[in-house]
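Next up, input.txt (compact mmCIF, C-alpha atoms):
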```txt
# COMPACT_ATOMS: atom_id res chain seq x y z
CA MET A 1 -6.50 -14.11 -30.34
CA PHE A 2 -4.52 -10.91 -29.78
CA GLU A 3 -1.22 -11.86 -31.42
CA ASN A 4 -1.76 -9.53 -34.39
CA TYR A 5 -2.95 -6.57 -32.36
CA LYS A 6 -0.74 -3.50 -32.72
CA VAL A 7 -1.28 -0.49 -30.50
CA PRO A 8 -1.61 2.69 -32.61
CA SER A 9 1.09 5.26 -31.95
CA GLU A 10 -1.36 7.91 -30.77
CA LEU A 11 -2.44 5.65 -27.90
CA VAL A 12 1.04 4.80 -26.61
CA PRO A 13 1.15 5.98 -22.97
CA SER A 14 3.95 8.16 -21.64
CA ASP A 15 4.95 5.38 -19.21
CA PRO A 16 4.11 1.66 -19.39
CA ARG A 17 4.18 1.05 -15.62
CA PHE A 18 0.57 0.37 -14.69
CA GLY A 19 1.40 -2.46 -12.28
CA VAL A 20 0.37 -2.34 -8.63
CA GLY A 21 3.85 -2.69 -7.23
CA PRO A 22 6.59 -1.92 -7.21
CA SER A 23 5.38 1.49 -8.20
CA LEU A 24 6.15 3.99 -10.91
CA ILE A 25 9.25 5.86 -9.69
CA PRO A 26 9.64 9.02 -11.79
CA THR A 27 12.86 9.01 -13.80
CA GLU A 28 13.58 12.53 -12.53
CA PHE A 29 13.85 11.11 -9.00
CA ILE A 30 16.55 8.74 -10.24
CA GLN A 31 18.41 11.62 -11.84
CA LYS A 32 18.16 13.66 -8.64
CA LEU A 33 19.68 10.77 -6.71
CA ALA A 34 22.53 10.55 -9.22
CA ASP A 35 23.07 14.29 -8.82
CA THR A 36 23.86 13.83 -5.11
CA LYS A 37 27.06 12.09 -6.27
CA ALA A 38 29.24 11.32 -3.23
CA GLU A 39 27.14 13.26 -0.74
CA LEU A 40 24.58 10.57 0.14
CA LEU A 41 25.09 7.03 -1.15
CA GLY A 42 27.79 5.26 0.82
CA THR A 43 27.18 7.44 3.89
CA SER A 44 26.55 5.91 7.33
CA HIS A 45 22.95 6.14 8.45
CA ARG A 46 24.23 7.59 11.74
CA LYS A 47 25.67 10.61 9.92
CA PRO A 48 23.84 13.95 9.43
CA ALA A 49 23.22 13.50 5.69
CA VAL A 50 21.06 10.41 6.21
CA LYS A 51 19.57 11.48 9.55
CA ASN A 52 18.45 14.74 7.94
CA LEU A 53 16.86 12.73 5.13
CA VAL A 54 14.93 10.59 7.62
CA LYS A 55 13.83 13.70 9.52
CA GLU A 56 12.62 15.31 6.31
CA ILE A 57 10.52 12.22 5.55
CA GLN A 58 9.07 12.19 9.06
CA ASP A 59 8.27 15.91 8.97
CA GLY A 60 6.79 15.59 5.49
CA LEU A 61 4.52 12.70 6.49
CA ARG A 62 3.50 14.49 9.68
CA SER A 63 2.38 17.42 7.53
CA PHE A 64 0.76 15.23 4.86
CA TYR A 65 -1.35 13.35 7.43
CA ASN A 66 -1.79 16.32 9.80
CA LEU A 67 -0.92 13.99 12.65
CA PRO A 68 -2.25 14.53 16.16
CA GLU A 69 0.09 15.51 18.98
CA GLY A 70 2.00 12.60 20.48
CA TYR A 71 2.05 10.37 17.39
CA GLU A 72 5.44 9.03 16.30
CA ILE A 73 6.59 8.04 12.81
CA VAL A 74 8.63 4.89 13.28
CA MET A 75 10.77 3.59 10.43
CA GLY A 76 12.80 0.44 9.95
CA ASN A 77 13.86 -2.30 7.59
CA GLY A 78 11.75 -5.24 6.51
CA GLY A 79 8.64 -3.86 4.83
CA ALA A 80 5.00 -4.24 5.83
CA THR A 81 5.00 -8.06 5.71
CA PHE A 82 7.81 -8.03 8.28
CA LEU A 83 5.50 -6.02 10.54
CA PHE A 84 2.87 -8.76 10.52
CA ASP A 85 5.15 -10.70 12.88
CA MET A 86 6.65 -7.67 14.61
CA ILE A 87 3.20 -6.36 15.57
CA GLY A 88 2.13 -9.74 16.91
CA LEU A 89 5.30 -10.16 18.95
CA GLY A 90 5.50 -6.65 20.34
CA LEU A 91 2.05 -5.02 20.37
CA VAL A 92 -0.46 -7.82 21.08
CA ARG A 93 -0.97 -9.03 24.63
CA LYS A 94 -3.16 -12.09 24.14
CA LYS A 95 -5.75 -11.73 21.36
CA SER A 96 -6.03 -10.09 17.94
CA VAL A 97 -9.06 -10.03 15.64
CA HIS A 98 -8.39 -9.89 11.89
CA TYR A 99 -10.80 -8.76 9.18
CA THR A 100 -9.63 -10.44 5.99
CA CYS A 101 -10.73 -10.01 2.38
CA GLY A 102 -7.77 -11.24 0.33
CA GLU A 103 -4.30 -12.73 0.28
CA PHE A 104 -2.41 -10.09 2.26
CA SER A 105 -4.94 -9.53 5.04
CA ASN A 106 -5.04 -13.31 5.41
CA LYS A 107 -1.24 -13.44 5.65
CA TRP A 108 -1.36 -11.01 8.56
CA TYR A 109 -3.88 -13.24 10.34
CA LYS A 110 -1.74 -16.32 9.69
CA SER A 111 1.35 -14.60 11.11
CA HIS A 112 -0.41 -13.87 14.41
CA ASN A 113 -2.03 -17.30 14.46
CA LEU A 114 1.42 -18.94 14.44
CA ILE A 115 2.53 -17.09 17.59
CA PRO A 116 1.80 -19.59 20.40
CA TRP A 117 0.50 -17.16 23.02
CA ILE A 118 -1.81 -15.21 20.68
CA ASP A 119 -5.44 -16.15 20.19
CA ALA A 120 -5.90 -14.90 16.61
CA GLU A 121 -9.46 -14.75 15.31
CA GLU A 122 -10.24 -14.36 11.61
CA ILE A 123 -13.42 -12.73 10.32
CA ALA A 124 -13.23 -13.46 6.61
CA SER A 125 -15.10 -11.94 3.70
CA GLU A 126 -15.33 -13.61 0.31
CA TYR A 127 -12.71 -12.29 -2.09
CA GLY A 128 -14.19 -9.28 -3.85
CA GLN A 129 -16.44 -8.42 -0.92
CA GLY A 130 -15.81 -5.79 1.74
CA CYS A 131 -15.80 -5.87 5.51
CA GLU A 132 -16.93 -3.65 8.39
CA PRO A 133 -14.53 -3.87 11.34
CA LYS A 134 -16.13 -3.70 14.79
CA ASP A 135 -15.00 -3.49 18.39
CA HIS A 136 -14.26 -6.77 20.15
CA ALA A 137 -14.27 -6.46 23.93
CA ASP A 138 -12.19 -9.60 24.39
CA ALA A 139 -9.43 -8.53 21.97
CA ASP A 140 -6.55 -6.17 22.66
CA MET A 141 -6.02 -5.49 18.94
CA VAL A 142 -8.36 -5.19 15.94
CA CYS A 143 -6.59 -5.52 12.57
CA PHE A 144 -7.75 -4.63 9.08
CA THR A 145 -6.26 -3.82 5.69
CA LEU A 146 -6.96 -0.42 4.17
CA ASN A 147 -6.53 -1.68 0.62
CA GLU A 148 -6.33 -5.38 -0.20
CA THR A 149 -3.85 -5.38 -3.08
CA SER A 150 -4.83 -8.84 -4.29
CA THR A 151 -8.54 -8.11 -4.77
CA GLY A 152 -8.93 -4.33 -5.03
CA VAL A 153 -11.13 -4.10 -1.93
CA GLN A 154 -10.76 -1.10 0.36
CA THR A 155 -11.88 -0.90 3.98
CA THR A 156 -12.46 2.53 5.49
CA THR A 157 -14.66 1.76 8.50
CA ILE A 158 -12.71 2.35 11.72
CA PRO A 159 -14.15 0.68 14.81
CA THR A 160 -14.51 2.66 18.03
CA VAL A 161 -12.63 0.67 20.66
CA SER A 162 -11.84 0.82 24.37
CA GLU A 163 -8.66 2.16 25.92
CA ASP A 164 -7.35 -1.42 26.20
CA THR A 165 -7.73 -2.18 22.48
CA LEU A 166 -5.47 -1.03 19.67
CA VAL A 167 -6.63 -0.52 16.08
CA ALA A 168 -3.95 -1.56 13.59
CA VAL A 169 -4.18 -0.93 9.84
CA ASP A 170 -2.03 -2.31 7.04
CA ALA A 171 -2.22 0.67 4.70
CA THR A 172 0.45 -0.45 2.22
CA SER A 173 -1.25 -0.02 -1.16
CA GLY A 174 -3.70 2.65 -0.04
CA ALA A 175 -1.57 4.95 2.11
CA GLY A 176 -1.40 8.34 0.47
CA GLN A 177 -4.68 8.35 -1.43
CA ILE A 178 -7.34 6.44 0.53
CA PRO A 179 -8.11 8.71 3.49
CA LEU A 180 -8.57 7.57 7.08
CA ASP A 181 -8.80 9.49 10.34
CA LEU A 182 -5.48 8.57 11.92
CA SER A 183 -6.57 9.99 15.28
CA LYS A 184 -8.72 6.83 15.57
CA ILE A 185 -5.90 4.45 14.59
CA ASP A 186 -3.06 3.27 16.81
CA CYS A 187 -0.71 1.62 14.33
CA TYR A 188 -1.02 2.67 10.68
CA PHE A 189 1.75 1.09 8.67
CA PHE A 190 2.94 0.70 5.11
CA SER A 191 5.93 0.03 2.93
CA PRO A 192 6.55 2.77 0.37
CA GLN A 193 6.63 0.91 -2.96
CA LYS A 194 3.01 1.74 -3.85
CA VAL A 195 1.44 5.23 -3.78
CA PHE A 196 4.59 6.70 -2.22
CA ALA A 197 6.64 5.65 -5.26
CA SER A 198 9.74 4.21 -3.64
CA GLU A 199 11.11 0.69 -3.30
CA GLY A 200 10.31 -2.12 -0.87
CA GLY A 201 12.17 -3.33 2.19
CA LEU A 202 11.33 -0.35 4.42
CA PHE A 203 8.45 0.04 6.85
CA VAL A 204 6.77 3.20 8.08
CA ALA A 205 4.56 2.84 11.16
CA ILE A 206 2.58 5.80 12.45
CA MET A 207 1.94 5.06 16.12
CA SER A 208 -0.44 6.64 18.61
CA PRO A 209 0.42 7.28 22.27
CA LYS A 210 -1.64 4.15 23.10
CA ALA A 211 0.49 2.03 20.78
CA LEU A 212 3.72 3.54 22.12
CA LYS A 213 2.59 2.72 25.65
CA ARG A 214 1.73 -0.87 24.64
CA ALA A 215 5.15 -1.32 23.05
CA GLU A 216 6.80 -0.13 26.27
CA GLU A 217 4.61 -2.44 28.36
CA ILE A 218 5.40 -5.58 26.38
CA ASN A 219 9.07 -4.69 26.09
CA SER A 220 9.22 -4.51 29.91
CA SER A 221 7.81 -8.04 30.23
CA ASP A 222 9.79 -11.28 30.06
CA ARG A 223 8.58 -12.01 26.50
CA TYR A 224 11.41 -12.85 24.11
CA ILE A 225 11.44 -10.61 21.04
CA PRO A 226 14.27 -10.71 18.47
CA GLY A 227 16.29 -7.50 18.52
CA ILE A 228 15.44 -6.73 14.89
CA MET A 229 11.71 -6.84 15.82
CA ASN A 230 11.89 -4.87 19.06
CA TRP A 231 9.47 -1.95 18.97
CA LYS A 232 11.22 0.02 21.71
CA THR A 233 14.47 -0.17 19.76
CA ALA A 234 12.72 0.94 16.56
CA ILE A 235 10.94 3.79 18.34
CA ASP A 236 14.07 5.00 20.16
CA ASN A 237 16.02 5.09 16.89
CA SER A 238 13.23 6.80 14.97
CA VAL A 239 12.98 9.57 17.55
CA LYS A 240 16.65 10.20 16.70
CA ASN A 241 15.82 10.20 12.94
CA GLN A 242 17.48 6.82 12.44
CA THR A 243 16.65 3.22 11.71
CA TYR A 244 17.95 0.43 13.95
CA ASN A 245 20.07 -1.12 11.21
CA THR A 246 21.37 0.16 7.88
CA PRO A 247 18.58 1.14 5.47
CA SER A 248 18.58 1.42 1.70
CA ILE A 249 19.41 5.09 1.25
CA SER A 250 17.97 5.16 -2.27
CA THR A 251 14.63 3.92 -0.89
CA LEU A 252 14.64 6.74 1.66
CA PHE A 253 15.57 9.25 -1.03
CA PHE A 254 12.75 8.24 -3.41
CA LEU A 255 10.21 8.23 -0.57
CA ASN A 256 11.26 11.72 0.46
CA GLU A 257 11.00 13.02 -3.11
CA GLN A 258 7.49 11.61 -3.45
CA VAL A 259 6.32 13.03 -0.12
CA LYS A 260 7.71 16.44 -1.11
CA LEU A 261 5.98 16.21 -4.49
CA MET A 262 2.62 15.27 -3.00
CA ASN A 263 2.80 17.96 -0.34
CA SER A 264 3.69 20.57 -2.96
CA GLN A 265 0.61 19.60 -5.00
CA GLY A 266 -1.79 20.15 -2.12
CA GLY A 267 -1.14 17.27 0.24
CA GLN A 268 -3.56 14.47 0.98
CA LYS A 269 -6.61 16.47 -0.16
CA TYR A 270 -5.26 16.76 -3.70
CA ALA A 271 -3.99 13.17 -3.72
CA VAL A 272 -7.44 11.85 -2.78
CA GLU A 273 -9.21 13.99 -5.39
CA HIS A 274 -6.71 12.89 -8.05
CA ALA A 275 -7.23 9.23 -7.14
CA ASN A 276 -11.01 9.57 -7.23
CA LYS A 277 -10.90 10.94 -10.77
CA LYS A 278 -8.90 7.93 -11.93
CA ALA A 279 -11.24 5.55 -10.13
CA GLU A 280 -14.26 7.19 -11.80
CA LEU A 281 -12.59 6.74 -15.17
CA ILE A 282 -11.65 3.09 -14.76
CA TYR A 283 -14.90 1.89 -13.15
CA GLY A 284 -16.98 3.98 -15.55
CA TRP A 285 -15.19 2.27 -18.44
CA ALA A 286 -15.88 -1.17 -16.95
CA LYS A 287 -19.57 -0.30 -16.65
CA GLU A 288 -19.81 0.93 -20.25
CA GLU A 289 -18.16 -2.07 -21.93
CA SER A 290 -20.32 -5.20 -22.17
CA PHE A 291 -17.27 -7.48 -21.93
CA LEU A 292 -16.01 -5.91 -18.68
CA GLU A 293 -17.22 -5.88 -15.09
CA ALA A 294 -15.79 -4.54 -11.84
CA PHE A 295 -14.68 -7.49 -9.70
CA VAL A 296 -15.80 -5.65 -6.55
CA GLN A 297 -19.56 -5.41 -6.96
CA ASP A 298 -20.32 -3.01 -4.11
CA GLU A 299 -19.10 0.46 -5.07
CA LYS A 300 -18.47 1.30 -1.42
CA TYR A 301 -15.60 -1.18 -1.28
CA ARG A 302 -14.04 -0.49 -4.69
CA SER A 303 -10.47 0.63 -4.29
CA THR A 304 -9.36 4.04 -5.46
CA SER A 305 -5.76 2.82 -5.71
CA VAL A 306 -5.97 -0.70 -7.21
CA ALA A 307 -8.72 -1.50 -9.73
CA THR A 308 -9.66 -5.12 -10.47
CA ILE A 309 -11.66 -5.51 -13.69
CA ASN A 310 -13.08 -8.84 -14.86
CA LEU A 311 -12.97 -9.74 -18.56
CA ASP A 312 -15.57 -11.91 -20.28
CA GLU A 313 -14.37 -15.52 -20.34
CA LYS A 314 -14.56 -15.49 -24.16
CA TYR A 315 -11.33 -13.49 -24.10
CA ASP A 316 -8.03 -14.37 -22.46
CA ALA A 317 -6.87 -11.51 -20.24
CA ASN A 318 -3.39 -13.00 -19.79
CA ALA A 319 -2.93 -13.28 -23.56
CA LEU A 320 -3.71 -9.59 -23.99
CA VAL A 321 -1.48 -8.68 -21.04
CA LYS A 322 1.41 -10.51 -22.72
CA VAL A 323 0.88 -8.69 -26.03
CA LEU A 324 0.87 -5.32 -24.27
CA GLU A 325 3.99 -6.21 -22.29
CA ASP A 326 5.79 -7.43 -25.42
CA GLN A 327 5.09 -4.06 -27.05
CA ASN A 328 6.14 -2.24 -23.83
CA ILE A 329 2.74 -0.58 -23.70
CA ALA A 330 1.45 -1.71 -20.30
CA ASN A 331 3.41 -3.73 -17.76
CA GLY A 332 2.08 -5.67 -14.80
CA ILE A 333 -1.69 -5.41 -15.26
CA ASN A 334 -2.33 -9.14 -14.82
CA SER A 335 -4.56 -10.35 -11.98
CA TYR A 336 -3.10 -11.55 -8.69
CA ARG A 337 -1.62 -14.96 -9.44
CA LYS A 338 -3.34 -16.90 -6.63
CA LEU A 339 -6.73 -15.36 -7.35
CA GLY A 340 -7.00 -17.22 -10.65
CA LYS A 341 -9.38 -14.71 -12.22
CA ASN A 342 -9.65 -13.67 -15.87
CA GLN A 343 -9.11 -10.02 -15.04
CA PHE A 344 -6.91 -6.96 -15.18
CA ARG A 345 -5.46 -5.42 -12.03
CA ILE A 346 -4.55 -1.82 -12.75
CA SER A 347 -2.69 0.70 -10.62
CA LEU A 348 -4.35 4.02 -9.90
CA PHE A 349 -1.35 5.14 -7.86
CA HIS A 350 -0.52 8.82 -7.64
CA ASN A 351 2.13 8.93 -10.38
CA VAL A 352 0.00 7.10 -12.96
CA LYS A 353 -1.33 9.85 -15.20
CA LEU A 354 -5.05 10.17 -15.84
CA GLU A 355 -4.44 10.62 -19.57
CA ASP A 356 -2.35 7.44 -19.66
CA LEU A 357 -5.13 5.50 -17.94
CA LEU A 358 -7.57 6.80 -20.54
CA LYS A 359 -5.26 5.55 -23.28
CA LEU A 360 -5.01 2.15 -21.59
CA THR A 361 -8.79 1.79 -21.50
CA LYS A 362 -8.97 2.58 -25.22
CA ILE A 363 -6.15 0.14 -25.99
CA ILE A 364 -7.88 -2.73 -24.19
CA SER A 365 -11.28 -1.94 -25.69
CA ASN A 366 -9.82 -1.72 -29.19
CA ALA A 367 -8.07 -5.06 -28.77
CA ILE A 368 -11.25 -6.80 -27.59
CA ASN A 369 -13.33 -5.26 -30.37
CA GLU A 370 -10.80 -6.34 -33.00
CA ALA A 371 -10.80 -9.88 -31.60
CA SER A 372 -14.61 -9.91 -31.79
CA ALA A 373 -14.75 -8.77 -35.41
```
Please re-express this file's structure in structure tokens.
Amino acid sequence: MFENYKVPSELVPSDPRFGVGPSLIPTEFIQKLADTKAELLGTSHRKPAVKNLVKEIQDGLRSFYNLPEGYEIVMGNGGATFLFDMIGLGLVRKKSVHYTCGEFSNKWYKSHNLIPWIDAEEIASEYGQGCEPKDHADADMVCFTLNETSTGVQTTTIPTVSEDTLVAVDATSGAGQIPLDLSKIDCYFFSPQKVFASEGGLFVAIMSPKALKRAEEINSSDRYIPGIMNWKTAIDNSVKNQTYNTPSISTLFFLNEQVKLMNSQGGQKYAVEHANKKAELIYGWAKEESFLEAFVQDEKYRSTSVATINLDEKYDANALVKVLEDQNIANGINSYRKLGKNQFRISLFHNVKLEDLLKLTKIISNAINEASA
């Protein structure tokens, strides 16, 4: 159907990386890392060069998010998925409630559900539909996902909870451009391979005084927690601008460069405005074209970082994706594999240029129109 389609030269984007993760790391970041030569890579993470790098990230994020007094930025190895278990083991007393709307929010629920002493309750929405987290008096943690990467659903309603309940948010693919009031959140965590344009395997957890107190409380109990998942250990090291065990220094470096870039452009305010422009473009395009439709029907829940766009069943989205990948025009815009939808899943992350997104919309529309002729 699309095998003879050739993208015209004037529509070739400046970068083909439109996938939703790992993210588009600017090539200039890679060159900057190379320019450090022997000063950084191969250095112990207990030495000043790496500790200063960690501190710069923490200070940069504190500024970006305008964090309230008493919040700590805790960093460690393992990524956000690792935290699904770590949070259950070290921050939940007896019960967590999970609002799920896709594959990754469901994984978080499943992780807590497997811990024998936790009563994990799932409140599930159909894939493509949003959710409205609420307080649960019988739960000591309410969990939701800021941006469900698999479905392109964002959740921005923060429940008002009691002093005995923590609000935890997996912000992985929305952190940096989908705003939330962190003063109402106790554990806001992400790995940096999305909007923050680094690589995976690292977690960043922004913790409130309530969450820090809970970590101390559970650590003082007789509950067994593996050393690598111990929150007190992670917090104590982070206060010293360290991680518990050896991190990927290149991951730290790229994250720091992206945080510096975003702060220099105007911080979170600019990042949000920039994301909204791209979302308006992509969803406006889907509305205009008769063969396209936004997967998320309710505009309130449409992600401004990951767009999921359905294609008319007359056309094979995967076939077009393959043609565009073979020509190195657009990489990674296929739908989430387990979702099984005939759709495109397109990154609106910070480093994806608006003009490149515009070109991508024209490329896809041209291909469909040619196939229809």
Determine, counting only C-alpha atoms, which protein, DNA and RNA residues have an atom within 8 Å of an atom of Ala80 of chain A; residues of the same chain fewer than 5 positions away are not included. Present the result as a PDB file with C-alpha atoms, keeping the file's coordinate frame.
```pdb
ATOM      1  CA  ASP A 170      -2.030  -2.310   7.040  1.00  0.00           C
ATOM      2  CA  THR A 172       0.450  -0.450   2.220  1.00  0.00           C
ATOM      3  CA  PHE A 189       1.750   1.090   8.670  1.00  0.00           C
ATOM      4  CA  PHE A 190       2.940   0.700   5.110  1.00  0.00           C
ATOM      5  CA  SER A 191       5.930   0.030   2.930  1.00  0.00           C
ATOM      6  CA  LEU A 202      11.330  -0.350   4.420  1.00  0.00           C
ATOM      7  CA  PHE A 203       8.450   0.040   6.850  1.00  0.00           C
ATOM      8  CA  VAL A 204       6.770   3.200   8.080  1.00  0.00           C
TER       9      VAL A 204
END
```
May I have the protein, DNA and RNA residues with an atom at most 6 Å from (6.7, 2.2, -4.1), counting only C-alpha atoms in the file's coordinates, returned as a VMD selection string? chain A and resid 22 to 23 192 to 194 196 to 199
Neighbouring residues of Val20 of chain A were defined as those with any atom within 9 Å, considering all atoms listed in the file; residues of the same chain fewer than 3 positions away were excluded. Please report them as a PyMOL selection string. chain A and resi 17+23-24+149+173+194+305-306+332-333+345-349
Please tabulate, as a Markdown table, the residues of segment 70-100 of chain A that come within 9 Å of segment 43-60 of chain A, each with its closest pair of atoms and the distance in Å to one decimal, counting all atoms listed in the file and ordering rows by chain, then residue number upward.
```
| residue | atom | partner | partner_atom | distance |
| --- | --- | --- | --- | --- |
| A:Glu72 | CA | A:Gln58 | CA | 8.7 |
| A:Ile73 | CA | A:Gln58 | CA | 6.1 |
| A:Val74 | CA | A:Gln58 | CA | 8.4 |
| A:Met75 | CA | A:Val54 | CA | 8.6 |
```
Nearest to Asn366 of chain A by atom-to-atom distance, counting only C-alpha atoms, from A:Ile309, A:Glu289, A:Ile30, A:Val296: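 Closest candidate: A:Glu289.
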Can you tell me, as a PyMOL selection string, what residues are no more than 12 Å from Ala137 of chain A when counting only C-alpha atoms, ignoring any on the same chain fewer than 6 positions away? chain A and resi 95-97+159-166
In Å, with one decimal, what is the gap from atom CA of Trp231 of chain A to atom CA of Gly174 of chain A? 23.6 Å
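Between atom CA of Thr100 of chain A and atom CA of Ser125 of chain A the interatomic distance comes to 6.1 Å.
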Among the residues A:Thr145, A:Thr156, A:Thr27, A:Asn245, the one that comes closest to Val169 of chain A [using all atoms listed in the file]: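 Answer, going by the shortest atom-to-atom distance: A:Thr145.
Of the residues listed (A:Gly152, A:Tyr65, A:Ser303, A:Thr233), A:Gly152 shows the shortest atom-to-atom separation from Phe344 of chain A; distances use all atoms listed in the file.
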So that I can see what lies close to Asp119 of chain A, please list as a PDB file with C-alpha atoms, in the frame of the given file the residues with an atom at most 10 Å from it, counting only C-alpha atoms and leaving out residues fewer than 4 positions away in the same chain.
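Written output follows (part14.pdb):
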```pdb
ATOM      1  CA  VAL A  92      -0.460  -7.820  21.080  1.00  0.00           C
ATOM      2  CA  ARG A  93      -0.970  -9.030  24.630  1.00  0.00           C
ATOM      3  CA  LYS A  94      -3.160 -12.090  24.140  1.00  0.00           C
ATOM      4  CA  LYS A  95      -5.750 -11.730  21.360  1.00  0.00           C
ATOM      5  CA  SER A  96      -6.030 -10.090  17.940  1.00  0.00           C
ATOM      6  CA  VAL A  97      -9.060 -10.030  15.640  1.00  0.00           C
ATOM      7  CA  HIS A 112      -0.410 -13.870  14.410  1.00  0.00           C
ATOM      8  CA  ASN A 113      -2.030 -17.300  14.460  1.00  0.00           C
ATOM      9  CA  LEU A 114       1.420 -18.940  14.440  1.00  0.00           C
ATOM     10  CA  ILE A 115       2.530 -17.090  17.590  1.00  0.00           C
ATOM     11  CA  ALA A 139      -9.430  -8.530  21.970  1.00  0.00           C
TER      12      ALA A 139
END
```
Nearest to Gly88 of chain A by atom-to-atom distance, counting all atoms listed in the file, from A:Asp326, A:Asp140, A:Glu288, A:Asp35: A:Asp140
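Closest approach to Ser183 of chain A from the set A:Pro68, A:Gly130, A:Gly78, A:Gly90 is made by A:Pro68, with distances taken over only C-alpha atoms.
Going from atom CA of Ala211 of chain A over to atom CA of Ser105 of chain A, you cover 20.3 Å.
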Between A:Val239, A:Met141, A:Cys101, A:Val7, which has the minimum distance to Tyr71 of chain A (counting only C-alpha atoms)? A:Val239
Can segment 130-146 of chain A be brought up to N, CA and C atoms and written out as a CSV table (one decimal), in the frame of the given file?
```
chain,number,residue,atom,x,y,z
A,130,GLY,N,-16.4,-6.6,0.7
A,130,GLY,CA,-15.8,-5.8,1.7
A,130,GLY,C,-16.1,-6.3,3.1
A,131,CYS,N,-15.6,-5.5,4.1
A,131,CYS,CA,-15.8,-5.9,5.5
A,131,CYS,C,-16.0,-4.6,6.3
A,132,GLU,N,-16.6,-4.8,7.5
A,132,GLU,CA,-16.9,-3.6,8.4
A,132,GLU,C,-16.4,-4.0,9.8
A,133,PRO,N,-15.1,-3.6,10.0
A,133,PRO,CA,-14.5,-3.9,11.3
A,133,PRO,C,-15.3,-3.3,12.5
A,134,LYS,N,-15.4,-4.1,13.6
A,134,LYS,CA,-16.1,-3.7,14.8
A,134,LYS,C,-15.2,-3.9,16.0
A,135,ASP,N,-15.7,-3.3,17.1
A,135,ASP,CA,-15.0,-3.5,18.4
A,135,ASP,C,-15.2,-4.9,18.9
A,136,HIS,N,-14.2,-5.4,19.5
A,136,HIS,CA,-14.3,-6.8,20.2
A,136,HIS,C,-13.7,-6.6,21.6
A,137,ALA,N,-14.6,-6.7,22.5
A,137,ALA,CA,-14.3,-6.5,23.9
A,137,ALA,C,-13.2,-7.4,24.5
A,138,ASP,N,-13.1,-8.6,23.9
A,138,ASP,CA,-12.2,-9.6,24.4
A,138,ASP,C,-10.8,-9.5,23.7
A,139,ALA,N,-10.7,-8.6,22.7
A,139,ALA,CA,-9.4,-8.5,22.0
A,139,ALA,C,-8.7,-7.3,22.4
A,140,ASP,N,-7.3,-7.4,22.4
A,140,ASP,CA,-6.6,-6.2,22.7
A,140,ASP,C,-6.0,-5.5,21.4
A,141,MET,N,-6.3,-6.1,20.2
A,141,MET,CA,-6.0,-5.5,18.9
A,141,MET,C,-7.0,-5.9,17.9
A,142,VAL,N,-7.5,-4.9,17.1
A,142,VAL,CA,-8.4,-5.2,15.9
A,142,VAL,C,-7.6,-4.8,14.7
A,143,CYS,N,-7.4,-5.7,13.7
A,143,CYS,CA,-6.6,-5.5,12.6
A,143,CYS,C,-7.4,-5.5,11.3
A,144,PHE,N,-7.2,-4.6,10.4
A,144,PHE,CA,-7.8,-4.6,9.1
A,144,PHE,C,-6.8,-4.0,8.1
A,145,THR,N,-7.1,-4.3,6.8
A,145,THR,CA,-6.3,-3.8,5.7
A,145,THR,C,-7.0,-2.7,4.9
A,146,LEU,N,-6.3,-1.6,4.8
A,146,LEU,CA,-7.0,-0.4,4.2
A,146,LEU,C,-7.3,-0.7,2.7
```
